[in-house]
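What follows is the content of run38.txt, which has compact mmCIF, C-alpha atoms:
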```txt
# COMPACT_ATOMS: atom_id res chain seq x y z
CA MET A 71 182.15 32.22 109.14
CA ARG A 72 185.39 34.05 108.51
CA PRO A 73 187.79 34.46 111.43
CA ALA A 74 188.22 37.87 112.98
CA PRO A 75 190.86 39.84 111.06
CA MET A 76 194.31 40.13 112.59
CA SER A 77 195.43 43.56 113.68
CA SER A 78 197.76 45.29 111.22
CA THR A 79 199.67 46.81 114.11
CA THR A 80 200.00 43.80 116.37
CA ASP A 81 203.10 43.58 118.54
CA THR A 82 203.09 39.79 118.22
CA PRO A 83 204.21 38.67 114.75
CA PRO A 84 202.23 35.79 113.25
CA ALA A 85 203.90 32.39 113.54
CA LEU A 86 204.65 31.37 109.97
CA ASP A 87 204.76 27.61 110.36
CA ARG A 88 203.58 25.16 107.74
CA ARG A 89 200.03 25.14 109.08
CA SER A 90 199.67 28.82 108.22
CA LEU A 91 201.67 28.60 105.00
CA ARG A 92 198.87 26.97 103.04
CA PRO A 93 196.50 28.95 100.81
CA ASP A 94 193.00 29.62 102.09
CA CYS A 95 191.19 31.09 99.10
CA THR A 96 187.96 31.59 101.05
CA ASN A 97 189.72 34.24 103.15
CA CYS A 98 191.51 35.96 100.27
CA PHE A 99 190.34 38.61 97.83
CA ALA A 100 191.64 36.66 94.83
CA LEU A 101 194.93 38.53 94.96
CA CYS A 102 196.75 36.01 92.77
CA CYS A 103 194.01 36.53 90.15
CA THR A 104 194.43 40.31 90.21
CA ALA A 105 197.95 41.29 91.27
CA LEU A 106 199.82 38.89 89.00
CA GLY A 107 199.97 38.82 85.23
CA PHE A 108 200.56 35.98 82.80
CA SER A 109 201.13 35.42 79.09
CA ARG A 110 199.31 33.04 76.79
CA SER A 111 201.19 29.74 76.86
CA ALA A 112 200.79 26.05 77.58
CA ASP A 113 199.91 27.07 81.15
CA PHE A 114 197.52 29.95 80.42
CA ALA A 115 194.92 30.21 77.67
CA VAL A 116 195.01 34.02 77.44
CA ASP A 117 197.14 37.05 78.22
CA LYS A 118 196.40 38.92 81.46
CA PRO A 119 198.23 42.08 82.55
CA ALA A 120 199.31 42.44 86.17
CA GLY A 121 196.87 44.47 88.27
CA ILE A 122 193.85 43.56 86.13
CA PRO A 123 191.32 41.04 87.51
CA CYS A 124 191.13 37.77 85.59
CA ARG A 125 188.14 37.56 83.28
CA ASN A 126 187.09 34.33 85.03
CA LEU A 127 186.84 36.04 88.43
CA ALA A 128 183.37 36.23 90.03
CA SER A 129 182.12 39.12 92.15
CA ASP A 130 182.58 37.04 95.32
CA PHE A 131 186.28 36.49 94.40
CA SER A 132 185.72 32.87 93.40
CA CYS A 133 186.78 31.37 90.07
CA THR A 134 183.94 30.70 87.64
CA ILE A 135 185.87 27.85 85.96
CA HIS A 136 187.63 26.42 89.01
CA GLU A 137 186.48 22.85 88.35
CA VAL A 138 187.66 22.87 84.73
CA LEU A 139 190.82 25.00 84.88
CA ARG A 140 193.07 22.33 83.33
CA PRO A 141 190.86 21.43 80.35
CA ARG A 142 190.18 25.12 79.72
CA GLY A 143 193.92 25.83 79.42
CA PHE A 144 194.65 27.35 82.84
CA ARG A 145 196.94 24.72 84.26
CA GLY A 146 199.19 27.45 85.65
CA CYS A 147 196.44 28.46 88.06
CA THR A 148 196.21 24.95 89.47
CA VAL A 149 199.89 24.82 90.44
CA PHE A 150 200.29 28.32 91.88
CA ASP A 151 200.87 28.44 95.63
CA CYS A 152 200.87 31.70 97.58
CA PHE A 153 202.01 29.88 100.76
CA GLY A 154 199.19 31.57 102.69
CA ALA A 155 200.16 35.12 101.73
CA GLY A 156 196.76 35.83 100.20
CA GLN A 157 194.69 35.38 103.33
CA HIS A 158 197.30 37.07 105.51
CA VAL A 159 197.30 40.21 103.37
CA SER A 160 193.52 40.20 102.91
CA GLN A 161 192.47 39.53 106.50
CA GLY A 162 195.51 40.66 108.45
CA LEU A 163 197.15 43.63 106.79
CA PHE A 164 193.93 45.03 105.29
CA GLY A 165 191.46 44.03 107.99
CA GLY A 166 189.12 42.04 105.76
CA ILE A 167 188.24 45.00 103.51
CA SER A 168 188.65 44.08 99.85
CA TRP A 169 190.12 46.10 97.01
CA ALA A 170 186.65 46.05 95.45
CA ALA A 171 185.08 47.67 98.53
CA ASP A 172 187.98 50.12 98.89
CA PRO A 173 189.49 50.74 95.43
CA GLU A 174 192.10 53.13 96.85
CA SER A 175 193.67 50.23 98.73
CA GLY A 176 194.12 48.17 95.59
CA LYS A 177 197.62 49.34 94.66
CA ASP A 178 199.05 48.81 98.15
CA MET A 179 197.24 45.50 98.53
CA ARG A 180 198.67 44.15 95.28
CA ALA A 181 202.16 45.34 96.21
CA ALA A 182 201.85 43.82 99.68
CA PHE A 183 200.72 40.51 98.22
CA LYS A 184 203.69 40.28 95.85
CA THR A 185 206.11 40.94 98.71
CA ALA A 186 204.28 38.71 101.19
CA ARG A 187 204.20 35.84 98.73
CA GLN A 188 208.00 35.89 98.51
CA LEU A 189 208.35 36.10 102.28
CA HIS A 190 205.83 33.33 102.98
CA GLU A 191 207.70 30.89 100.77
CA MET A 192 210.94 31.25 102.72
CA PRO A 193 209.64 29.95 106.11
CA TRP A 194 208.31 26.85 104.32
CA TYR A 195 211.88 25.88 103.51
CA LEU A 196 213.38 27.23 106.73
CA GLU A 197 211.11 25.13 108.93
CA GLU A 198 212.21 22.00 107.07
CA ALA A 199 215.86 23.06 107.22
CA GLN A 200 215.61 23.57 110.99
CA GLY A 201 214.21 20.10 111.41
CA ARG A 202 216.77 18.34 109.24
CA THR A 203 220.07 19.94 110.19
CA PHE A 204 222.21 18.45 112.95
CA ASP A 205 224.08 21.74 113.42
CA PRO A 206 222.70 23.76 116.38
CA GLU A 207 224.19 26.98 115.01
CA ALA A 208 222.55 26.49 111.61
CA ARG A 209 219.27 25.70 113.33
CA HIS A 210 219.57 28.90 115.33
CA ARG A 211 220.29 30.97 112.20
CA ALA A 212 217.22 29.50 110.51
CA GLY A 213 215.15 30.48 113.53
CA ARG A 214 216.47 34.05 113.46
CA LEU A 215 215.58 34.38 109.78
CA ARG A 216 212.07 33.11 110.44
CA THR A 217 211.72 35.68 113.23
CA THR A 218 212.84 38.47 110.88
CA ILE A 219 210.24 37.43 108.31
CA GLU A 220 207.48 37.07 110.90
CA ALA A 221 208.26 40.51 112.29
CA ALA A 222 207.98 42.05 108.82
CA MET A 223 204.66 40.32 108.20
CA GLY A 224 203.29 41.42 111.57
CA GLY A 225 204.44 45.03 111.40
CA GLY A 226 201.89 46.51 109.04
CA VAL A 227 201.86 47.35 105.34
CA HIS A 228 204.52 50.06 105.42
CA ARG A 229 207.02 47.92 107.30
CA LEU A 230 206.39 45.06 104.91
CA LEU A 231 206.88 47.16 101.79
CA GLY A 232 209.98 48.79 103.30
CA LEU A 233 211.73 45.48 103.88
CA ASN A 234 214.75 44.65 101.73
CA VAL A 235 213.37 41.33 100.49
CA GLU A 236 216.39 40.60 98.31
CA GLU A 237 218.71 40.87 101.29
CA VAL A 238 216.59 38.41 103.27
CA HIS A 239 216.35 36.11 100.28
CA VAL A 240 220.13 36.00 99.85
CA SER A 241 220.59 35.05 103.52
CA VAL A 242 217.88 32.38 103.37
CA ARG A 243 219.20 30.89 100.15
CA ALA A 244 222.77 30.66 101.48
CA LEU A 245 221.58 28.85 104.61
CA LEU A 246 219.34 26.47 102.66
CA ILE A 247 222.24 25.52 100.41
CA GLU A 248 224.51 25.00 103.41
CA ILE A 249 222.02 22.71 105.13
CA SER A 250 221.30 20.95 101.85
CA GLU A 251 224.96 19.93 101.60
CA GLU A 252 224.85 18.51 105.11
CA VAL A 253 221.63 16.56 104.48
CA ARG A 254 222.68 15.26 101.08
CA MET A 255 226.01 14.03 102.43
CA SER A 256 224.15 11.97 105.01
CA TYR A 257 222.15 10.26 102.27
CA SER A 258 225.13 9.53 100.07
CA ALA A 259 227.63 8.67 102.83
CA ALA A 260 228.58 5.47 101.03
CA GLY A 261 229.90 7.57 98.16
CA ARG A 262 228.49 9.57 95.29
CA GLU A 263 229.90 7.49 92.48
CA HIS A 264 226.40 6.12 91.85
CA LEU A 265 225.20 9.58 90.82
CA ASP A 266 225.18 10.58 87.17
CA ALA A 267 227.58 13.45 86.45
CA ALA A 268 224.68 15.25 84.75
CA LEU A 269 222.73 15.46 88.01
CA VAL A 270 223.84 18.92 89.04
CA PRO A 271 222.11 22.19 90.01
CA GLY A 272 220.34 23.76 87.04
CA ALA A 273 220.81 20.67 84.87
CA ASP A 274 218.76 20.22 81.70
CA LEU A 275 217.05 16.91 82.38
CA ILE A 276 213.99 17.53 80.24
CA GLY A 277 212.47 14.20 79.27
CA ARG A 278 215.37 12.32 80.87
CA ASN A 279 214.90 8.64 81.71
CA LEU A 280 215.70 8.41 85.42
CA ARG A 281 213.34 5.55 86.13
CA SER A 282 214.06 3.10 88.95
CA ARG A 283 217.20 4.97 90.00
CA ARG A 284 218.67 5.53 93.44
CA LEU A 285 219.17 9.28 93.30
CA CYS A 286 219.72 9.75 97.04
CA GLY A 287 221.77 12.85 97.85
CA ALA A 288 221.66 14.38 94.37
CA ASP A 289 221.65 18.17 94.09
CA LEU A 290 218.89 18.98 91.58
CA ARG A 291 218.39 22.54 92.78
CA GLY A 292 216.91 24.55 89.92
CA ALA A 293 217.10 21.57 87.55
CA TYR A 294 214.75 21.24 84.58
CA LEU A 295 212.95 17.95 85.10
CA ILE A 296 210.10 18.71 82.71
CA GLY A 297 208.64 15.43 81.50
CA ALA A 298 211.42 13.43 83.18
CA ASP A 299 210.69 9.80 84.02
CA LEU A 300 211.28 9.39 87.75
CA ARG A 301 208.95 6.45 88.24
CA PHE A 302 209.95 4.11 91.07
CA SER A 303 213.09 6.13 91.81
CA ASP A 304 214.33 6.96 95.32
CA LEU A 305 214.68 10.73 95.81
CA SER A 306 215.57 10.64 99.51
CA GLY A 307 217.78 13.60 100.36
CA VAL A 308 217.50 15.05 96.83
CA ASP A 309 217.54 18.86 96.82
CA LEU A 310 214.59 20.04 94.70
CA LEU A 311 214.73 23.73 95.60
CA GLY A 312 213.41 25.60 92.56
CA ALA A 313 213.39 22.49 90.36
CA ASP A 314 210.89 22.41 87.49
CA LEU A 315 208.84 19.21 87.70
CA ARG A 316 206.17 20.05 85.15
CA ASP A 317 204.78 16.82 83.69
CA ALA A 318 207.46 14.75 85.42
CA HIS A 319 206.39 11.13 85.97
CA LEU A 320 206.45 10.30 89.67
CA ASP A 321 204.42 7.10 89.83
CA GLY A 322 205.84 4.86 92.54
CA ALA A 323 208.68 7.28 93.32
CA ASP A 324 209.78 7.85 96.91
CA LEU A 325 209.76 11.58 97.71
CA SER A 326 208.97 11.13 101.38
CA ARG A 327 212.41 12.43 102.38
CA ALA A 328 213.14 14.69 99.40
CA LEU A 329 214.52 18.10 100.36
CA TYR A 330 212.62 21.37 99.84
CA LEU A 331 209.66 19.73 98.12
CA THR A 332 206.48 21.84 97.81
CA GLN A 333 202.87 21.21 96.89
CA SER A 334 203.46 23.15 93.66
CA HIS A 335 206.07 20.60 92.62
CA LEU A 336 203.52 17.84 92.98
CA ASP A 337 200.64 19.75 91.40
CA ALA A 338 202.76 20.39 88.31
CA ALA A 339 203.83 16.76 87.97
CA GLY A 340 202.06 13.49 87.36
CA GLY A 341 201.95 10.62 89.80
CA SER A 342 199.70 8.18 91.56
CA ARG A 343 198.61 6.99 94.98
CA SER A 344 201.68 4.76 95.01
CA THR A 345 203.98 7.79 95.07
CA ARG A 346 205.43 8.24 98.57
CA LEU A 347 205.10 11.80 99.83
CA PRO A 348 206.00 13.75 102.99
CA ALA A 349 203.22 13.72 105.57
CA ASP A 350 202.46 17.43 105.19
CA LEU A 351 201.89 17.31 101.42
CA LYS A 352 198.88 15.79 99.66
CA VAL A 353 198.24 13.75 96.55
CA PRO A 354 197.04 16.15 93.81
CA ASP A 355 193.47 15.64 92.61
CA HIS A 356 194.54 14.98 89.03
CA TRP A 357 196.83 12.07 89.90
CA GLY A 358 195.66 8.56 89.11
CA ASP A 359 195.12 5.65 91.46
CA SER A 360 197.48 3.09 89.97
```
Translate this file's structure into structure tokens.
Amino acid sequence: MRPAPMSSTTDTPPALDRRSLRPDCTNCFALCCTALGFSRSADFAVDKPAGIPCRNLASDFSCTIHEVLRPRGFRGCTVFDCFGAGQHVSQGLFGGISWAADPESGKDMRAAFKTARQLHEMPWYLEEAQGRTFDPEARHRAGRLRTTIEAAMGGGVHRLLGLNVEEVHVSVRALLIEISEEVRMSYSAAGREHLDAALVPGADLIGRNLRSRRLCGADLRGAYLIGADLRFSDLSGVDLLGADLRDAHLDGADLSRALYLTQSHLDAAGGSRSTRLPADLKVPDHWGDS
């Protein structure tokens, strides 16, 4: 049974903690499969314009090829994470009435989902930042930003769509970078001479051999780690905000204290049960056992 829909005009904003920032496709109207578009590539087998339902979408909003998405060429679907925005928009902002049942709501619902998806991602990082900083003032700023985002999500569709998302994003990003510096310094307090000069934000590390390395405290924000060999390496305190880990090899790596790691990072990479992960992330189904 689906939970009762949340009021779109509630005075109490929803608490966007990590428990609520996980996708629940059974309570969503397949918004990622309708609102978003994609181009034929290694991640998607076909072209799909934004606003058009995917051809693999069933009438009950389930995916007709969910169990074989990867072999059928839809790997991109398996790594997408809405951070819980789908069910919040579907059940909260639109009261459990789908775009199929009310076609006139479709445009606003798609727009709300795109905005909500951006907003839902930010508290995922902010909650971690609050827990890892030693600076009370930085912790307080992170809390204020979370409150701003929660208020926007709890204030109805018009308030959500009227929010200056870019302004919020700039503030969140600046704080995350600030706290990242603090955390990374604590992991490389003995000195950073052990770090490769190439390990910098936005670095091209495609296919790079970084196996069995102590990378603690490295800033790999936005780095391209596609196909990189990180097996048995220690990534404690490594900033992975926006890093591209597609097909990276993580077998035996320690990511238990990596910074700003998401489930999408793991779903895009390869690893095994020996890979050490944070407690609130799970081993992807396609990873091996050894």
Next item on the list: Identify which of the residues A:Gly176, A:Thr96, A:Gln161, A:Phe302 lies closest to Pro123 in chain A, counting all atoms listed in the file when measuring atom-to-atom distances.
Entry: A:Gly176
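Nearest-residue note for Ile122 in chain A: choosing from A:Arg187, A:Arg301, A:Arg180, A:His356, the minimum distance belongs to A:Arg180, counting all atoms listed in the file.
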Note to self: One decimal, in Å: what's the spacing between CA of Arg92 in chain A and CA of Met223 in chain A?
What the structure shows: 15.4 Å
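With all atoms listed in the file as the atoms that count, the residue of A:Glu191, A:Asp151, A:Asp314, A:Glu137 with the shortest distance to Glu220 in chain A is A:Glu191.
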Next item on the list: Skip Asp317 in chain A itself and residues of its chain fewer than 3 positions away, then list as number ranges by chain all residues within 8 Å of it, counting only C-alpha atoms.
Entry: A: 296-298, 338-340
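If you look at CA of Arg283 in chain A and CA of Ile247 in chain A, they are 23.6 Å away from each other.
Counting from CA of Asp359 in chain A, the distance to CA of Leu295 in chain A is 22.6 Å.
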Notebook entry, point to check: Of the candidates A:Gly287, A:Pro348, A:Gly358, A:Gly277, which one gets nearest to Ala318 in chain A if we count all atoms listed in the file?
Noted result: A:Gly277
Checklist line | Residues near Thr148 in chain A, cut-off 9 Å, all atoms listed in the file, skip fewer than 5 positions along chain, as a PyMOL selection string | finding: chain A and resi 136+139-140+334+337-338
Item checked: Contacts of Glu251 in chain A at 9 Å (all atoms listed in the file; same-chain gap of 3+ positions) as a list in words -> Leu246, Ile247, Glu248, Arg254, Met255, Ser256, Gly287, Asp289 and Asp309 of chain A
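Distances to Ser303 in chain A were evaluated for A:Val240, A:Val138, A:Ala100, A:Leu280 using only C-alpha atoms, and the minimum falls at A:Leu280.
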Margin query: From the options A:Val116, A:Leu91, A:Leu329, A:Ala349, which residue's atoms come nearest to Ala155 in chain A, counting all atoms listed in the file?
Written below: A:Leu91
Put the listed atoms of range 104-115 of chain A in a box along x, y and z with 5 Å added on every side and give me the centre and edge lengths in Å to one decimal, as AutoDock Vina command-line options.
```
--center_x 197.8 --center_y 33.7 --center_z 84.0 --size_x 16.8 --size_y 25.2 --size_z 24.5
```
Next item on the list: Take the point (200.4, 38.2, 95.6) as written in the file and pick out every residue within 9 Å of it, counting all atoms listed in the file; give the list as JSON, numbers by chain.
Entry: {"A": [100, 101, 102, 103, 104, 105, 106, 152, 155, 156, 159, 179, 180, 181, 182, 183, 184, 185, 186, 187, 188]}
Could you give me, as a CSV table (one decimal) with C-alpha atoms, in the coordinates of the input, the residues within 9 Å of Leu300 in chain A, counting all atoms listed in the file and dropping anything in the same chain fewer than 3 positions from it?
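Saved the output as part.csv:
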```
chain,number,residue,atom,x,y,z
A,278,ARG,CA,215.4,12.3,80.9
A,279,ASN,CA,214.9,8.6,81.7
A,280,LEU,CA,215.7,8.4,85.4
A,281,ARG,CA,213.3,5.6,86.1
A,282,SER,CA,214.1,3.1,89.0
A,283,ARG,CA,217.2,5.0,90.0
A,303,SER,CA,213.1,6.1,91.8
A,304,ASP,CA,214.3,7.0,95.3
A,305,LEU,CA,214.7,10.7,95.8
A,318,ALA,CA,207.5,14.8,85.4
A,319,HIS,CA,206.4,11.1,86.0
A,320,LEU,CA,206.4,10.3,89.7
A,321,ASP,CA,204.4,7.1,89.8
A,322,GLY,CA,205.8,4.9,92.5
A,323,ALA,CA,208.7,7.3,93.3
```
